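Engineer: Please find one structure pasted underneath; my questions will follow.
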Amino acid sequence: MKTLVLVAALVSAAFAVLGVAGSAFAADTEIAASKDATFRRGNDAYFHGRYQESVEAYEQVAALGVISADLFYNLGNAYLKSGQLGPAIYAYERALELDPSQEDVRFNLSVARDAARKKGEDRLAGVEAQPFWMRLAGQVTVNWASWLFLALYVGLFVVLIVLHFVQPGFLRVGMWAGFAFLGFGALIGGALLGARLYLADRVEQAIVLPDQVQVKEGPDPNYQSVFGVHAGLRVRVTEKEQDWVRIRLANGLEGWVRERDLGRL
């Protein structure tokens, strides 16, 4: 009798677990269907010229946790068509963070940046002249840089091992040249990976969203405005105080803006 009771309890527990798993699966399926339906609604609104409706649909998909270069590209296009240049540039930048190889995104980003400059030029020298290492590191993802460094590193040791079995001659000289080339490439790849990791983990960047923002001397609207920045400008965030953040431009100028005026990368 005790055995039967134990078996019955185990069976009941198994069905309970299956019920919970089934409920979770059904919930995940429902959420996925909602994401797809909302994304298609955004596409339909965009193709029919209802750009603000399209923006709202794509933003709903992003709010559901979807992180996709295609989503941010479509969102950027919808913002651009609706005349919201800052958010458009921010969306394109997010797409490129996920996939730097997207040429369509780069082209539309340049169009949006040109329009933003014409609409509100900062009249400050060097505000977009980022250091070379930041521009270079920003062209690749952490995964791409990691695989590049790993491939060069492994290739280096493979050539070194093969050299032990190659007799002196032209082939051995050529392999030593290849070893030197791979060694140099591994150094460059390691430096690129290090720069990309530092950029991702230690340098917090953001995009200015409104067409014009006045930068203050301190974290309060009563402070004096020291300069202005335009939509789409990439800035570095160095400090936060309540709902204000301290930003630094590429030319070294610093000041405070409302956090809501920035899109964090």
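Simple scheme: letters A, B, ... for chains in structure tokens order, numbers from 1 for residues in each chain, numbers from 1 for ligands in the order shown.
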If we count only C-alpha atoms, what is near A:Arg248 at a cut-off of 8 Å, once residues fewer than 6 positions away on the same chain are taken out, given as a list in words?

Structural biologist: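 Contacts, with the query itself left out: Val235, Arg236, Val237, Thr238, Glu254 and Gly255 of chain A.
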
Engineer: Dump C-alpha atoms for the selected residues as a PDB file, in the first residue's frame?

Structural biologist:
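Output (part.pdb):
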ATOM      1  CA  VAL A 235      29.030  61.781 -26.496  1.00  0.00           C
ATOM      2  CA  ARG A 236      30.754  60.037 -23.620  1.00  0.00           C
ATOM      3  CA  VAL A 237      28.950  59.726 -20.279  1.00  0.00           C
ATOM      4  CA  THR A 238      31.340  60.189 -17.356  1.00  0.00           C
ATOM      5  CA  GLU A 254      32.213  68.763 -20.694  1.00  0.00           C
ATOM      6  CA  GLY A 255      28.878  69.637 -19.169  1.00  0.00           C
TER       7      GLY A 255
END

Engineer: Would you list, as JSON, numbers by chain, the residues of stretch 62-200 of chain A that end up in helix (DSSP H, G or I) under DSSP run on this structure's backbone?

Structural biologist: {"A": [62, 63, 69, 70, 71, 72, 73, 74, 75, 76, 77, 78, 79, 80, 81, 85, 86, 87, 88, 89, 90, 91, 92, 93, 94, 95, 96, 97, 98, 103, 104, 105, 106, 107, 108, 109, 110, 111, 112, 113, 114, 115, 116, 117, 118, 119, 132, 133, 134, 135, 136, 137, 142, 143, 144, 145, 146, 147, 148, 149, 150, 151, 152, 153, 154, 155, 156, 157, 158, 159, 160, 161, 162, 163, 170, 171, 172, 173, 174, 175, 176, 177, 178, 179, 180, 181, 182, 183, 184, 185, 186, 187, 188, 189, 190, 191, 192, 193, 194, 195, 196, 197, 198, 199, 200]}

Engineer: Kindly export the residues of the current selection with C-alpha atoms, as a tab-separated table (two decimals), in the first residue's frame.

Structural biologist:
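Once written, part-v5.tsv looks like this:
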chain	number	residue	atom	x	y	z
A	62	ALA	CA	11.99	46.37	-28.48
A	63	ALA	CA	10.26	46.80	-25.10
A	69	ALA	CA	19.89	44.65	-35.96
A	70	ASP	CA	16.95	44.36	-38.38
A	71	LEU	CA	14.53	45.69	-35.78
A	72	PHE	CA	16.71	48.71	-34.97
A	73	TYR	CA	17.29	49.34	-38.70
A	74	ASN	CA	13.54	49.40	-39.34
A	75	LEU	CA	13.02	51.55	-36.26
A	76	GLY	CA	15.66	54.00	-37.50
A	77	ASN	CA	13.97	54.20	-40.90
A	78	ALA	CA	10.60	54.89	-39.29
A	79	TYR	CA	12.06	57.62	-37.08
A	80	LEU	CA	13.88	59.14	-40.06
A	81	LYS	CA	10.71	59.23	-42.15
A	85	LEU	CA	16.57	62.59	-36.42
A	86	GLY	CA	18.07	61.96	-32.98
A	87	PRO	CA	16.11	58.77	-32.29
A	88	ALA	CA	16.76	57.64	-35.89
A	89	ILE	CA	20.52	58.00	-35.45
A	90	TYR	CA	20.33	56.24	-32.09
A	91	ALA	CA	18.47	53.29	-33.63
A	92	TYR	CA	20.98	53.02	-36.50
A	93	GLU	CA	23.88	53.12	-34.04
A	94	ARG	CA	22.29	50.31	-32.04
A	95	ALA	CA	21.92	48.26	-35.22
A	96	LEU	CA	25.60	48.77	-36.07
A	97	GLU	CA	26.62	47.78	-32.55
A	98	LEU	CA	25.05	44.40	-33.26
A	103	GLU	CA	26.14	48.90	-45.34
A	104	ASP	CA	22.48	49.94	-45.70
A	105	VAL	CA	22.47	50.98	-42.06
A	106	ARG	CA	25.69	52.98	-42.50
A	107	PHE	CA	24.30	54.77	-45.54
A	108	ASN	CA	21.05	55.73	-43.81
A	109	LEU	CA	23.01	56.77	-40.73
A	110	SER	CA	25.11	59.15	-42.81
A	111	VAL	CA	21.95	60.59	-44.37
A	112	ALA	CA	20.42	61.15	-40.93
A	113	ARG	CA	23.63	62.72	-39.59
A	114	ASP	CA	23.87	65.11	-42.54
A	115	ALA	CA	20.26	66.17	-41.99
A	116	ALA	CA	20.91	66.67	-38.25
A	117	ARG	CA	23.98	68.85	-38.93
A	118	LYS	CA	22.01	71.07	-41.31
A	119	LYS	CA	19.18	71.36	-38.82
A	132	PHE	CA	41.28	56.73	-34.11
A	133	TRP	CA	41.29	53.69	-31.79
A	134	MET	CA	37.65	54.32	-30.82
A	135	ARG	CA	36.57	54.65	-34.45
A	136	LEU	CA	38.46	51.48	-35.37
A	137	ALA	CA	37.20	49.44	-32.41
A	142	VAL	CA	33.50	41.77	-29.50
A	143	ASN	CA	32.70	38.33	-30.97
A	144	TRP	CA	34.29	39.17	-34.34
A	145	ALA	CA	37.46	40.54	-32.71
A	146	SER	CA	37.64	37.49	-30.41
A	147	TRP	CA	37.40	35.01	-33.29
A	148	LEU	CA	39.98	36.97	-35.31
A	149	PHE	CA	42.47	36.94	-32.44
A	150	LEU	CA	41.82	33.24	-31.73
A	151	ALA	CA	42.30	32.26	-35.38
A	152	LEU	CA	45.58	34.18	-35.66
A	153	TYR	CA	46.82	32.80	-32.33
A	154	VAL	CA	46.05	29.19	-33.26
A	155	GLY	CA	47.53	29.67	-36.73
A	156	LEU	CA	50.70	31.02	-35.15
A	157	PHE	CA	51.24	27.88	-33.08
A	158	VAL	CA	50.29	25.55	-35.93
A	159	VAL	CA	53.00	27.09	-38.11
A	160	LEU	CA	55.47	26.89	-35.22
A	161	ILE	CA	54.78	23.16	-34.78
A	162	VAL	CA	55.04	22.45	-38.52
A	163	LEU	CA	58.39	24.26	-38.63
A	170	PHE	CA	62.94	27.89	-49.31
A	171	LEU	CA	59.84	26.30	-47.76
A	172	ARG	CA	61.23	26.76	-44.25
A	173	VAL	CA	62.15	30.39	-45.00
A	174	GLY	CA	58.64	30.99	-46.33
A	175	MET	CA	57.09	29.44	-43.25
A	176	TRP	CA	59.19	31.63	-40.97
A	177	ALA	CA	57.95	34.62	-42.94
A	178	GLY	CA	54.38	33.35	-42.45
A	179	PHE	CA	55.09	32.89	-38.75
A	180	ALA	CA	56.26	36.50	-38.49
A	181	PHE	CA	53.20	37.71	-40.39
A	182	LEU	CA	50.82	35.74	-38.15
A	183	GLY	CA	52.68	36.96	-35.05
A	184	PHE	CA	52.26	40.56	-36.11
A	185	GLY	CA	48.62	39.90	-36.98
A	186	ALA	CA	48.04	38.32	-33.56
A	187	LEU	CA	49.48	41.42	-31.87
A	188	ILE	CA	47.17	43.67	-33.91
A	189	GLY	CA	44.21	41.36	-33.29
A	190	GLY	CA	44.90	41.31	-29.56
A	191	ALA	CA	45.16	45.08	-29.45
A	192	LEU	CA	41.89	45.39	-31.40
A	193	LEU	CA	40.14	42.96	-29.06
A	194	GLY	CA	41.46	44.81	-26.02
A	195	ALA	CA	40.32	48.14	-27.41
A	196	ARG	CA	36.87	46.75	-28.22
A	197	LEU	CA	36.48	45.26	-24.75
A	198	TYR	CA	37.59	48.50	-23.14
A	199	LEU	CA	35.18	50.47	-25.33
A	200	ALA	CA	32.32	48.14	-24.41

Engineer: Identify which of the residues A:Val257, A:Gly169, A:Asp243, A:Gln84 lies closest to A:Ala231, counting only C-alpha atoms when measuring atom-to-atom distances.

Structural biologist: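 Going through A:Val257, A:Gly169, A:Asp243, A:Gln84 one by one, the smallest distance to A:Ala231 is for A:Gln84.
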
Engineer: Report, in Å with one decimal, the straight-line distance from atom CA of A:Leu233 to atom CA of A:Ile207.

Structural biologist: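 Separation of atom CA of A:Leu233 and atom CA of A:Ile207: 5.6 Å.
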
Engineer: Need to verify the contact set: A:Arg41, 7 Å, only C-alpha atoms, exclusion of same-chain residues closer than 4 positions in sequence. Can you return it as a ChimeraX atom specification?

Structural biologist: /A:37,45,57

Engineer: To one decimal place, how far is atom CA of A:Gln224 from atom CA of A:Leu265 in Å?

Structural biologist: 27.5 Å
